[in-house]
file structure.txt (compact mmCIF, C-alpha atoms and all ligand atoms)
# COMPACT_ATOMS: atom_id res chain seq x y z
CA MET A 30 -18.26 -6.10 10.65
CA TYR A 31 -17.11 -8.56 7.97
CA ARG A 32 -20.67 -9.66 7.33
CA ASN A 33 -21.71 -6.05 6.89
CA ARG A 34 -18.95 -5.48 4.38
CA ARG A 35 -20.03 -8.55 2.43
CA GLU A 36 -23.69 -7.56 2.41
CA LYS A 37 -22.82 -4.12 1.09
CA LEU A 38 -20.61 -5.61 -1.59
CA LEU A 39 -23.34 -7.97 -2.83
CA GLU A 40 -25.95 -5.24 -2.78
CA LYS A 41 -23.82 -2.75 -4.69
CA SER A 42 -22.78 -5.31 -7.28
CA GLY A 43 -26.35 -5.90 -8.41
CA ALA A 44 -25.36 -9.52 -9.17
CA ASP A 45 -26.85 -12.79 -7.83
CA CYS A 46 -23.58 -13.54 -6.18
CA VAL A 47 -20.03 -12.27 -5.78
CA VAL A 48 -17.11 -14.66 -6.10
CA LEU A 49 -13.65 -13.54 -4.94
CA VAL A 50 -10.93 -16.00 -5.88
CA ASN A 51 -7.63 -16.05 -4.04
CA ILE A 52 -5.27 -18.45 -5.75
CA GLU A 53 -1.66 -17.95 -4.64
CA GLY A 54 -2.55 -14.61 -3.12
CA SER A 55 -4.36 -13.03 -6.08
CA SER A 56 -7.39 -11.62 -4.24
CA ARG A 57 -5.82 -11.94 -0.78
CA PRO A 58 -6.32 -8.28 0.30
CA SER A 59 -10.03 -8.47 -0.41
CA LEU A 60 -10.34 -11.85 1.26
CA ILE A 61 -8.82 -10.30 4.39
CA TYR A 62 -11.11 -7.31 4.11
CA TYR A 63 -14.33 -9.27 3.63
CA THR A 64 -13.66 -12.32 5.81
CA GLY A 65 -10.55 -11.88 8.00
CA PHE A 66 -8.90 -14.90 6.37
CA THR A 67 -5.18 -14.31 5.78
CA GLY A 68 -4.09 -17.50 3.98
CA THR A 69 -3.06 -17.74 0.35
CA PHE A 70 -5.78 -20.06 -0.96
CA ALA A 71 -9.49 -19.40 -0.54
CA THR A 72 -12.57 -18.44 -2.51
CA LEU A 73 -15.42 -16.41 -1.10
CA VAL A 74 -18.90 -16.97 -2.49
CA VAL A 75 -21.58 -14.53 -1.32
CA SER A 76 -25.12 -14.88 -2.57
CA GLY A 77 -28.61 -13.96 -1.41
CA SER A 78 -29.10 -17.52 -0.19
CA GLY A 79 -25.85 -18.02 1.71
CA GLU A 80 -22.14 -17.39 2.13
CA TRP A 81 -19.30 -19.88 1.83
CA LEU A 82 -15.56 -19.83 2.14
CA ILE A 83 -13.91 -22.55 0.10
CA THR A 84 -10.38 -23.65 0.98
CA ASP A 85 -8.37 -26.86 1.27
CA SER A 86 -7.01 -29.02 4.09
CA ARG A 87 -4.02 -26.71 4.65
CA TYR A 88 -6.34 -23.93 5.78
CA THR A 89 -9.71 -25.31 6.93
CA GLU A 90 -8.91 -24.93 10.62
CA GLN A 91 -7.37 -21.47 10.24
CA ALA A 92 -10.24 -20.30 8.02
CA SER A 93 -12.88 -21.45 10.46
CA LYS A 94 -11.14 -19.76 13.40
CA GLN A 95 -10.44 -16.52 11.56
CA THR A 96 -13.82 -16.09 9.91
CA GLY A 97 -16.48 -18.09 11.73
CA MET A 98 -18.04 -18.67 8.29
CA SER A 99 -19.23 -21.95 6.92
CA ILE A 100 -16.15 -23.54 5.36
CA VAL A 101 -16.32 -25.74 2.29
CA LYS A 102 -13.36 -28.07 2.01
CA TYR A 103 -12.02 -28.57 -1.49
CA GLU A 104 -10.39 -31.97 -1.96
CA SER A 105 -8.15 -32.35 -4.90
CA ARG A 106 -9.95 -35.33 -6.44
CA LYS A 107 -11.41 -32.92 -8.95
CA ASN A 108 -9.77 -30.02 -10.74
CA PHE A 109 -10.35 -26.86 -8.68
CA TYR A 110 -11.68 -24.84 -11.59
CA GLU A 111 -14.34 -27.46 -12.34
CA PHE A 112 -15.14 -27.80 -8.68
CA LEU A 113 -15.74 -24.07 -8.36
CA ARG A 114 -17.78 -23.88 -11.58
CA ASP A 115 -20.05 -26.67 -10.39
CA PHE A 116 -20.35 -25.12 -6.94
CA ILE A 117 -21.45 -21.75 -8.32
CA LYS A 118 -23.96 -23.41 -10.66
CA GLU A 119 -25.33 -25.55 -7.86
CA LYS A 120 -25.95 -22.42 -5.79
CA GLY A 121 -28.04 -21.02 -8.62
CA CYS A 122 -25.80 -18.05 -9.47
CA LYS A 123 -26.40 -16.56 -12.89
CA THR A 124 -24.88 -13.10 -12.80
CA ILE A 125 -21.60 -13.11 -10.93
CA GLY A 126 -19.57 -10.22 -9.53
CA VAL A 127 -15.79 -10.70 -9.77
CA GLU A 128 -12.65 -8.65 -9.18
CA LYS A 129 -11.45 -8.70 -12.78
CA GLU A 130 -8.08 -7.10 -12.17
CA ARG A 131 -7.18 -9.89 -9.73
CA LEU A 132 -7.88 -12.77 -12.11
CA SER A 133 -5.55 -14.19 -14.70
CA VAL A 134 -7.06 -14.80 -18.13
CA LYS A 135 -6.68 -18.52 -17.52
CA VAL A 136 -8.54 -18.55 -14.20
CA PHE A 137 -11.23 -16.30 -15.65
CA GLU A 138 -11.84 -18.59 -18.61
CA MET A 139 -11.70 -21.83 -16.64
CA ILE A 140 -14.17 -20.72 -13.98
CA PHE A 141 -16.40 -17.98 -15.29
CA LYS A 142 -16.71 -18.52 -19.04
CA GLY A 143 -20.40 -18.74 -19.97
CA PHE A 144 -21.63 -16.94 -16.85
CA ASP A 145 -22.93 -13.41 -16.97
CA VAL A 146 -20.06 -11.55 -15.28
CA VAL A 147 -20.01 -8.05 -13.78
CA GLU A 148 -16.93 -6.24 -12.50
CA VAL A 149 -16.81 -5.32 -8.79
CA ASP A 150 -13.30 -3.84 -8.71
CA GLN A 151 -14.52 -0.29 -8.29
CA ILE A 152 -16.85 -1.33 -5.47
CA THR A 153 -14.19 -3.14 -3.45
CA ARG A 154 -11.77 -0.27 -4.06
CA GLU A 155 -14.25 2.29 -2.74
CA GLN A 156 -15.25 0.20 0.26
CA ARG A 157 -11.63 -0.35 1.29
CA MET A 158 -10.63 3.27 0.73
CA VAL A 159 -12.40 4.63 3.84
CA LYS A 160 -10.76 3.28 6.96
CA SER A 161 -12.51 2.31 10.19
CA GLU A 162 -11.06 3.30 13.58
CA GLU A 163 -9.74 -0.23 13.95
CA GLU A 164 -7.95 -0.13 10.61
CA LEU A 165 -6.51 3.30 11.39
CA GLU A 166 -5.07 1.98 14.66
CA LYS A 167 -3.26 -0.79 12.81
CA ILE A 168 -1.78 1.66 10.32
CA LYS A 169 -0.61 3.87 13.20
CA LYS A 170 1.07 0.88 14.78
CA ALA A 171 2.80 0.04 11.49
CA ILE A 172 4.02 3.65 11.34
CA ASP A 173 5.22 3.59 14.92
CA ILE A 174 7.25 0.42 14.43
CA ALA A 175 8.83 1.67 11.19
CA GLN A 176 9.80 4.99 12.76
CA ARG A 177 11.47 3.36 15.76
CA ALA A 178 13.39 1.01 13.49
CA PHE A 179 14.51 3.92 11.31
CA LEU A 180 15.95 5.79 14.30
CA GLU A 181 17.89 2.71 15.41
CA MET A 182 19.21 2.25 11.89
CA LEU A 183 20.84 5.68 11.76
CA ASP A 184 23.84 4.56 13.82
CA PHE A 185 24.29 1.56 11.57
CA ILE A 186 24.81 3.67 8.43
CA LYS A 187 28.54 3.95 7.77
CA ALA A 188 30.70 4.50 4.73
CA GLY A 189 31.72 1.06 3.50
CA ARG A 190 28.50 -0.75 4.31
CA THR A 191 26.36 -1.78 1.37
CA GLU A 192 22.83 -0.50 0.83
CA ARG A 193 21.58 -4.05 1.21
CA GLU A 194 23.21 -4.45 4.64
CA VAL A 195 21.49 -1.27 5.80
CA ALA A 196 18.14 -2.44 4.38
CA ALA A 197 18.52 -5.81 6.11
CA PHE A 198 19.26 -4.10 9.43
CA LEU A 199 16.20 -1.87 9.11
CA GLU A 200 13.96 -4.82 8.21
CA TYR A 201 15.38 -6.86 11.09
CA LYS A 202 14.59 -4.04 13.50
CA MET A 203 11.03 -3.67 12.19
CA LYS A 204 10.43 -7.38 12.67
CA SER A 205 11.89 -7.40 16.13
CA PHE A 206 9.56 -4.53 17.07
CA GLY A 207 6.57 -6.65 16.05
CA ALA A 208 6.12 -6.16 12.29
CA GLU A 209 5.09 -9.09 10.10
CA GLY A 210 7.68 -7.91 7.61
CA PRO A 211 8.55 -4.97 5.36
CA SER A 212 5.59 -3.66 3.36
CA PHE A 213 7.72 -3.59 0.16
CA ASP A 214 11.37 -4.05 -0.82
CA THR A 215 13.14 -1.43 1.29
CA ILE A 216 14.65 1.35 -0.79
CA ILE A 217 18.12 2.44 0.26
CA ALA A 218 19.38 4.52 -2.65
CA SER A 219 22.67 6.27 -1.96
CA GLY A 220 24.67 8.86 -3.89
CA TYR A 221 23.85 8.90 -7.63
CA ARG A 222 21.33 6.08 -7.03
CA SER A 223 19.15 8.40 -4.94
CA ALA A 224 18.09 10.02 -8.23
CA MET A 225 16.27 6.77 -9.10
CA PRO A 226 12.88 7.12 -7.41
CA HIS A 227 12.55 3.36 -6.83
CA GLY A 228 16.18 2.39 -6.31
CA VAL A 229 15.74 -0.78 -4.26
CA ALA A 230 18.80 -1.48 -2.06
CA SER A 231 21.73 -2.82 -4.09
CA ASP A 232 25.27 -4.00 -3.37
CA LYS A 233 26.59 -0.44 -3.82
CA LYS A 234 28.74 0.65 -0.91
CA ILE A 235 27.74 3.79 0.91
CA GLU A 236 30.36 6.55 0.63
CA GLU A 237 31.26 9.66 2.54
CA GLY A 238 29.26 12.57 1.11
CA ASP A 239 26.36 10.39 -0.11
CA LEU A 240 22.82 11.58 0.23
CA ILE A 241 20.56 8.57 0.83
CA VAL A 242 16.86 8.05 0.10
CA VAL A 243 15.47 5.70 2.73
CA ASP A 244 11.95 4.59 1.70
CA PHE A 245 10.59 1.99 4.06
CA GLY A 246 7.56 0.65 5.86
CA CYS A 247 6.21 -2.46 7.48
CA VAL A 248 3.11 -4.60 7.85
CA TYR A 249 1.33 -4.78 11.18
CA ASP A 250 -1.68 -7.08 11.48
CA GLY A 251 -2.19 -6.84 7.72
CA TYR A 252 -1.89 -3.05 7.46
CA VAL A 253 1.06 -1.07 6.09
CA SER A 254 3.09 2.08 6.57
CA ASP A 255 5.14 3.85 3.87
CA ILE A 256 7.66 6.55 4.83
CA THR A 257 10.63 8.25 3.14
CA ARG A 258 13.42 10.20 4.81
CA MET A 259 16.77 11.59 3.66
CA VAL A 260 20.05 10.70 5.32
CA SER A 261 23.38 12.33 4.55
CA VAL A 262 26.75 10.77 5.33
CA GLY A 263 28.68 13.83 6.44
CA GLU A 264 27.45 17.38 5.84
CA PRO A 265 25.14 17.77 2.83
CA THR A 266 26.13 20.30 0.16
CA GLY A 267 24.32 23.61 -0.29
CA GLU A 268 22.61 22.26 -3.39
CA MET A 269 21.32 19.24 -1.47
CA ARG A 270 19.97 21.52 1.25
CA LYS A 271 18.32 23.76 -1.34
CA ILE A 272 16.54 20.90 -3.15
CA HIS A 273 15.50 19.40 0.17
CA SER A 274 13.89 22.63 1.29
CA ILE A 275 11.95 22.96 -2.00
CA VAL A 276 10.59 19.42 -1.60
CA LEU A 277 9.73 20.10 2.03
CA SER A 278 7.84 23.29 1.26
CA ALA A 279 5.94 21.51 -1.55
CA GLN A 280 4.92 18.82 0.91
CA ARG A 281 3.86 21.39 3.53
CA GLU A 282 1.81 23.25 0.94
CA ALA A 283 -0.10 20.08 0.03
CA MET A 284 -0.63 19.16 3.68
CA LYS A 285 -1.93 22.64 4.45
CA LYS A 286 -4.25 23.05 1.47
CA ALA A 287 -5.69 19.54 1.10
CA LYS A 288 -9.30 19.46 2.21
CA SER A 289 -11.95 16.78 2.34
CA GLY A 290 -13.97 16.68 -0.88
CA MET A 291 -11.09 17.71 -3.14
CA ARG A 292 -10.01 15.59 -6.07
CA GLY A 293 -6.70 13.73 -6.10
CA ASP A 294 -5.35 15.84 -8.98
CA GLU A 295 -6.08 19.10 -7.13
CA ILE A 296 -4.08 17.98 -4.10
CA ASP A 297 -1.25 16.79 -6.36
CA GLY A 298 -1.31 20.24 -7.96
CA PHE A 299 -0.58 22.08 -4.69
CA ALA A 300 2.81 20.39 -4.34
CA ARG A 301 3.52 20.25 -8.06
CA SER A 302 3.05 23.96 -8.66
CA CYS A 303 5.48 24.68 -5.82
CA ILE A 304 8.14 22.52 -7.43
CA GLU A 305 7.39 23.98 -10.87
CA ARG A 306 7.77 27.54 -9.57
CA ALA A 307 11.20 26.59 -8.22
CA GLY A 308 12.11 25.38 -11.71
CA TYR A 309 12.12 21.61 -11.11
CA GLY A 310 8.76 20.54 -12.56
CA ASP A 311 10.38 18.09 -15.00
CA GLU A 312 12.35 16.49 -12.18
CA PHE A 313 9.18 15.48 -10.30
CA GLY A 314 7.92 12.66 -12.52
CA HIS A 315 5.67 10.64 -10.23
CA GLY A 316 2.36 11.27 -8.51
CA LEU A 317 2.14 13.00 -5.14
CA GLY A 318 0.72 10.06 -3.25
CA HIS A 319 -1.41 6.95 -2.99
CA GLY A 320 -3.74 5.25 -0.55
CA ILE A 321 -2.34 2.72 1.92
CA GLY A 322 -4.11 0.02 3.89
CA LEU A 323 -4.03 -3.70 3.27
CA GLU A 324 -1.88 -2.90 0.24
CA ILE A 325 1.00 -0.54 -0.26
CA HIS A 326 -0.61 1.06 -3.30
CA GLU A 327 -4.37 1.27 -3.18
CA ALA A 328 -7.13 3.79 -3.70
CA PRO A 329 -7.32 6.74 -3.57
CA ARG A 330 -4.72 7.99 -6.03
CA VAL A 331 -3.27 11.45 -5.55
CA SER A 332 -1.75 12.21 -8.95
CA ARG A 333 -2.14 14.41 -11.99
CA LEU A 334 -4.65 11.99 -13.51
CA SER A 335 -6.62 11.11 -10.39
CA ARG A 336 -10.32 11.95 -10.31
CA ASP A 337 -10.77 10.23 -6.91
CA ILE A 338 -12.59 12.39 -4.39
CA ILE A 339 -10.53 12.43 -1.21
CA GLY A 340 -12.97 12.12 1.67
CA GLU A 341 -12.89 11.70 5.42
CA GLY A 342 -11.28 8.53 6.72
CA MET A 343 -9.03 8.00 3.70
CA VAL A 344 -5.39 7.29 4.50
CA PHE A 345 -2.73 8.15 1.94
CA THR A 346 0.86 9.25 1.41
CA ILE A 347 2.13 12.72 0.50
CA GLU A 348 5.52 12.25 -1.15
CA PRO A 349 6.88 14.91 -3.47
CA GLY A 350 10.39 14.46 -4.86
CA ILE A 351 13.02 16.02 -7.10
CA TYR A 352 15.49 13.79 -8.93
CA LEU A 353 18.64 15.15 -10.55
CA GLU A 354 19.92 12.37 -12.79
CA GLY A 355 23.51 11.38 -12.17
CA LYS A 356 23.72 13.59 -9.08
CA PHE A 357 21.21 12.93 -6.33
CA GLY A 358 17.51 12.88 -5.53
CA VAL A 359 15.30 13.95 -2.63
CA ARG A 360 11.90 12.62 -1.57
CA ILE A 361 10.00 13.19 1.67
CA GLU A 362 7.05 10.94 2.37
CA ASP A 363 4.53 11.01 5.16
CA ASN A 364 1.26 9.23 5.87
CA VAL A 365 -1.89 11.22 6.51
CA VAL A 366 -5.58 10.67 7.20
CA MET A 367 -8.20 13.03 5.80
CA GLU A 368 -10.42 14.53 8.48
CA ARG A 369 -13.20 17.10 8.37
CA GLU A 370 -10.84 20.06 8.80
CA GLY A 371 -8.11 18.77 6.52
CA VAL A 372 -5.33 16.23 6.77
CA LYS A 373 -3.91 14.93 9.99
CA VAL A 374 -0.32 13.78 9.70
CA LEU A 375 0.17 10.32 11.22
CA THR A 376 3.96 10.15 10.92
CA SER A 377 6.04 12.02 13.49
CA LEU A 378 9.68 11.65 12.39
CA ASP A 379 11.59 14.88 11.89
CA ARG A 380 11.62 15.89 8.22
CA ASP A 381 15.08 17.46 8.10
CA ILE A 382 18.01 15.68 6.54
CA PHE A 383 19.42 13.22 9.11
CA VAL A 384 23.18 13.77 9.13
CA VAL A 385 25.30 10.78 10.21
CA LYS A 386 29.08 10.45 10.55
CA GLY A 387 30.85 8.41 7.93
MN MN B 1 4.83 5.58 -1.20
call {"tool": "encode", "arguments": {"input": "structure.txt", "output": "structure tokens", "more": "lines below"}}
Ligand SMILES: [Mn+2]
result
Amino acid sequence: MYRNRREKLLEKSGADCVVLVNIEGSSRPSLIYYTGFTGTFATLVVSGSGEWLITDSRYTEQASKQTGMSIVKYESRKNFYEFLRDFIKEKGCKTIGVEKERLSVKVFEMIFKGFDVVEVDQITREQRMVKSEEELEKIKKAIDIAQRAFLEMLDFIKAGRTEREVAAFLEYKMKSFGAEGPSFDTIIASGYRSAMPHGVASDKKIEEGDLIVVDFGCVYDGYVSDITRMVSVGEPTGEMRKIHSIVLSAQREAMKKAKSGMRGDEIDGFARSCIERAGYGDEFGHGLGHGIGLEIHEAPRVSRLSRDIIGEGMVFTIEPGIYLEGKFGVRIEDNVVMEREGVKVLTSLDRDIFVVKG
């Protein structure tokens, strides 16, 4: 499987070799995708004449076990940049494929200056976008764990607790159910803070009457989930209910109309036009969704600007929202996979507002 992925990458790049550099995690998602190696320091060199995974003594054993590839051990007698430059030259590489958006200017100049470089970012993005059965299973597991943790968290939400305490409880539950960790900083945005789309949990205390955006997810065997639900402490107001039902119908519209072969901006438009018709177009400032997989935001994009064609096997979020500054905000986010007949929703949590007692 990994070898196949690497062969395809090299072939599509049109270069003599492809070099993916993971220094302190920079190209880590691609290293996992093309080799199975999960550590933070490794470089993959794929050429027509051979394949090597370069790492140091911290990881040689792990790398060999995880990948079965031939491992080259870098010893720090020589500067790593020089070592890698010499290695690539020695292997006869002239044109080199790299993931440009993963490299710092410094690393790029130190290693690749003088070589004929081609960009492979679009190739890796497109390869990773379509999920295999195995990848899909991992995402489902990440969803399952997050959903169970969310349900256990509901009882923990009380007026007087801080957002951060609630986030910590949710993350603790996800880990105890088998997650490697949260897939991003958990968002617990209560009351007026719920109008901030990315209001990461703060030391604000939750109050009676607060509507809370809970945006959460976890990592399971490298793959992520990303879900948003609304919780109300005490009965929500009529206005909260009204906004929630607009967001919900926008989400349903997108789920119903999205079909394989459509562009990201078309699918975004289904939900957006719903919200616009209700008079809240300006209050929905972000895109409708994004791909998930080894990363929390990856291809395809589902936004006003996206020209990505959404095809079978792609897994992404559908997350419309309306944010009323100074008052409250509502977002509902689910994870779906595109199939031949349309999208299949992978998340199963109820989408109504969860009402808890203060
Ligand atoms: Mn999301």
call {"tool": "residues_near_point", "arguments": {"input": "structure.txt", "point": "(16.1, 18.3, -5.0)", "cutoff": "7 Å", "atoms": "only C-alpha atoms", "output": "list in words"}}
result
Met269, Lys271, Ile272, His273, Ile275, Val276, Gly350, Ile351, Tyr352, Leu353, Gly358 and Val359 of chain A
call {"tool": "write_last_selection", "arguments": {"input": "structure.txt", "atoms": "C-alpha atoms", "output": "mmCIF file, in the frame of the given file"}}
result
data_model
loop_
_atom_site.group_PDB
_atom_site.id
_atom_site.type_symbol
_atom_site.label_atom_id
_atom_site.label_comp_id
_atom_site.auth_asym_id
_atom_site.auth_seq_id
_atom_site.Cartn_x
_atom_site.Cartn_y
_atom_site.Cartn_z
ATOM 1 C CA MET A 269 21.320 19.240 -1.470
ATOM 2 C CA LYS A 271 18.320 23.760 -1.340
ATOM 3 C CA ILE A 272 16.540 20.900 -3.150
ATOM 4 C CA HIS A 273 15.500 19.400 0.170
ATOM 5 C CA ILE A 275 11.950 22.960 -2.000
ATOM 6 C CA VAL A 276 10.590 19.420 -1.600
ATOM 7 C CA GLY A 350 10.390 14.460 -4.860
ATOM 8 C CA ILE A 351 13.020 16.020 -7.100
ATOM 9 C CA TYR A 352 15.490 13.790 -8.930
ATOM 10 C CA LEU A 353 18.640 15.150 -10.550
ATOM 11 C CA GLY A 358 17.510 12.880 -5.530
ATOM 12 C CA VAL A 359 15.300 13.950 -2.630
#
call {"tool": "closest_atom_pairs", "arguments": {"input": "structure.txt", "of": "chain A", "to": "ligand MN 1 (chain B)", "cutoff": "7 Å", "atoms": "only C-alpha atoms and all ligand atoms", "output": "JSON lines"}}
result
{"residue": "A:Asp255", "atom": "CA", "partner": "B:MN1", "partner_atom": "MN", "distance": 5.4}
{"residue": "A:Ile256", "atom": "CA", "partner": "B:MN1", "partner_atom": "MN", "distance": 6.7}
{"residue": "A:Gly318", "atom": "CA", "partner": "B:MN1", "partner_atom": "MN", "distance": 6.4}
{"residue": "A:His319", "atom": "CA", "partner": "B:MN1", "partner_atom": "MN", "distance": 6.6}
{"residue": "A:Thr346", "atom": "CA", "partner": "B:MN1", "partner_atom": "MN", "distance": 6.0}
{"residue": "A:Glu348", "atom": "CA", "partner": "B:MN1", "partner_atom": "MN", "distance": 6.7}
{"residue": "A:Glu362", "atom": "CA", "partner": "B:MN1", "partner_atom": "MN", "distance": 6.8}
call {"tool": "closest_residue", "arguments": {"input": "structure.txt", "among": "A:Ala171, A:Met284, A:Met158, A:Leu375", "to": "Asp297 of chain A", "atoms": "all atoms listed in the file"}}
result
A:Met284
call {"tool": "atom_distance", "arguments": {"input": "structure.txt", "atom1": "atom CA of Leu49 of chain A", "atom2": "atom CA of Ile117 of chain A"}}
result
11.8 Å
call {"tool": "closest_atom_pairs", "arguments": {"input": "structure.txt", "of": "segment 150-201 of chain A", "to": "segment 120-140 of chain A", "cutoff": "10 Å", "atoms": "all atoms listed in the file", "output": "tab-separated table"}}
result
residue	atom	partner	partner_atom	distance
A:Asp150	CA	A:Glu128	CA	4.9
A:Gln151	CA	A:Glu128	CA	8.6
A:Ile152	CA	A:Glu128	CA	9.2
A:Thr153	CA	A:Glu128	CA	8.1
A:Arg154	CA	A:Glu128	CA	9.9
call {"tool": "residues_around", "arguments": {"input": "structure.txt", "residues": "Asp85 of chain A", "least_positions_apart": "6", "cutoff": "8 Å", "atoms": "all atoms listed in the file", "output": "MDAnalysis selection string"}}
result
chainID A and resid 70:71 102:104
call {"tool": "write_last_selection", "arguments": {"input": "structure.txt", "atoms": "C-alpha atoms", "output": "JSON list (two decimals), in the frame of the given file"}}
result
[["chain", "number", "residue", "atom", "x", "y", "z"],
["A", 70, "PHE", "CA", -5.78, -20.06, -0.96],
["A", 71, "ALA", "CA", -9.49, -19.40, -0.54],
["A", 102, "LYS", "CA", -13.36, -28.07, 2.01],
["A", 103, "TYR", "CA", -12.02, -28.57, -1.49],
["A", 104, "GLU", "CA", -10.39, -31.97, -1.96]]
call {"tool": "closest_residue", "arguments": {"input": "structure.txt", "among": "A:Leu38, A:Val195, A:Ala307, A:Val253", "to": "Glu166 of chain A", "atoms": "only C-alpha atoms"}}
result
A:Val253
call {"tool": "closest_residue", "arguments": {"input": "structure.txt", "among": "A:Met343, A:Glu370, A:Ala218, A:Lys167", "to": "Lys285 of chain A", "atoms": "all atoms listed in the file"}}
result
A:Glu370
call {"tool": "atom_distance", "arguments": {"input": "structure.txt", "atom1": "atom CA of Gly293 of chain A", "atom2": "atom CA of Tyr31 of chain A"}}
result
28.3 Å
call {"tool": "closest_residue", "arguments": {"input": "structure.txt", "among": "A:Gly267, A:Gly210, A:Gly189, A:Gly371", "to": "Lys286 of chain A", "atoms": "only C-alpha atoms"}}
result
A:Gly371
call {"tool": "residues_near_point", "arguments": {"input": "structure.txt", "point": "(4.4, 8.1, 11.1)", "cutoff": "7 Å", "atoms": "only C-alpha atoms", "output": "count of residues only"}}
result
10
call {"tool": "build_atoms", "arguments": {"input": "structure.txt", "residues": "segment 46-60 of chain A", "atoms": "N, CA and C atoms", "output": "PDB file, keeping the file's coordinate frame"}}
result
ATOM      1  N   CYS A  46     -24.596 -13.181  -7.159  1.00  0.00           N
ATOM      2  CA  CYS A  46     -23.580 -13.540  -6.180  1.00  0.00           C
ATOM      3  C   CYS A  46     -22.242 -12.897  -6.549  1.00  0.00           C
ATOM      4  N   VAL A  47     -21.384 -12.789  -5.544  1.00  0.00           N
ATOM      5  CA  VAL A  47     -20.030 -12.270  -5.780  1.00  0.00           C
ATOM      6  C   VAL A  47     -19.059 -13.394  -5.438  1.00  0.00           C
ATOM      7  N   VAL A  48     -18.092 -13.605  -6.315  1.00  0.00           N
ATOM      8  CA  VAL A  48     -17.110 -14.660  -6.100  1.00  0.00           C
ATOM      9  C   VAL A  48     -15.710 -14.041  -6.140  1.00  0.00           C
ATOM     10  N   LEU A  49     -15.019 -14.072  -4.996  1.00  0.00           N
ATOM     11  CA  LEU A  49     -13.650 -13.540  -4.940  1.00  0.00           C
ATOM     12  C   LEU A  49     -12.687 -14.710  -4.820  1.00  0.00           C
ATOM     13  N   VAL A  50     -11.820 -14.843  -5.805  1.00  0.00           N
ATOM     14  CA  VAL A  50     -10.930 -16.000  -5.880  1.00  0.00           C
ATOM     15  C   VAL A  50      -9.521 -15.625  -5.475  1.00  0.00           C
ATOM     16  N   ASN A  51      -9.010 -16.288  -4.462  1.00  0.00           N
ATOM     17  CA  ASN A  51      -7.630 -16.050  -4.040  1.00  0.00           C
ATOM     18  C   ASN A  51      -6.816 -17.306  -4.286  1.00  0.00           C
ATOM     19  N   ILE A  52      -6.165 -17.331  -5.449  1.00  0.00           N
ATOM     20  CA  ILE A  52      -5.270 -18.450  -5.750  1.00  0.00           C
ATOM     21  C   ILE A  52      -3.856 -17.891  -5.681  1.00  0.00           C
ATOM     22  N   GLU A  53      -3.024 -18.446  -4.840  1.00  0.00           N
ATOM     23  CA  GLU A  53      -1.660 -17.950  -4.640  1.00  0.00           C
ATOM     24  C   GLU A  53      -1.636 -16.445  -4.356  1.00  0.00           C
ATOM     25  N   GLY A  54      -2.593 -15.996  -3.584  1.00  0.00           N
ATOM     26  CA  GLY A  54      -2.550 -14.610  -3.120  1.00  0.00           C
ATOM     27  C   GLY A  54      -3.213 -13.580  -4.011  1.00  0.00           C
ATOM     28  N   SER A  55      -3.842 -14.013  -5.133  1.00  0.00           N
ATOM     29  CA  SER A  55      -4.360 -13.030  -6.080  1.00  0.00           C
ATOM     30  C   SER A  55      -5.376 -12.048  -5.499  1.00  0.00           C
ATOM     31  N   SER A  56      -6.396 -12.541  -4.824  1.00  0.00           N
ATOM     32  CA  SER A  56      -7.390 -11.620  -4.240  1.00  0.00           C
ATOM     33  C   SER A  56      -7.233 -11.562  -2.722  1.00  0.00           C
ATOM     34  N   ARG A  57      -6.034 -11.837  -2.238  1.00  0.00           N
ATOM     35  CA  ARG A  57      -5.820 -11.940  -0.780  1.00  0.00           C
ATOM     36  C   ARG A  57      -6.255 -10.690  -0.011  1.00  0.00           C
ATOM     37  N   PRO A  58      -5.895  -9.468  -0.472  1.00  0.00           N
ATOM     38  CA  PRO A  58      -6.320  -8.280   0.300  1.00  0.00           C
ATOM     39  C   PRO A  58      -7.830  -8.214   0.483  1.00  0.00           C
ATOM     40  N   SER A  59      -8.576  -8.518  -0.555  1.00  0.00           N
ATOM     41  CA  SER A  59     -10.030  -8.470  -0.410  1.00  0.00           C
ATOM     42  C   SER A  59     -10.551  -9.595   0.468  1.00  0.00           C
ATOM     43  N   LEU A  60      -9.925 -10.762   0.373  1.00  0.00           N
ATOM     44  CA  LEU A  60     -10.340 -11.850   1.260  1.00  0.00           C
ATOM     45  C   LEU A  60     -10.159 -11.447   2.718  1.00  0.00           C
TER      46      LEU A  60
END
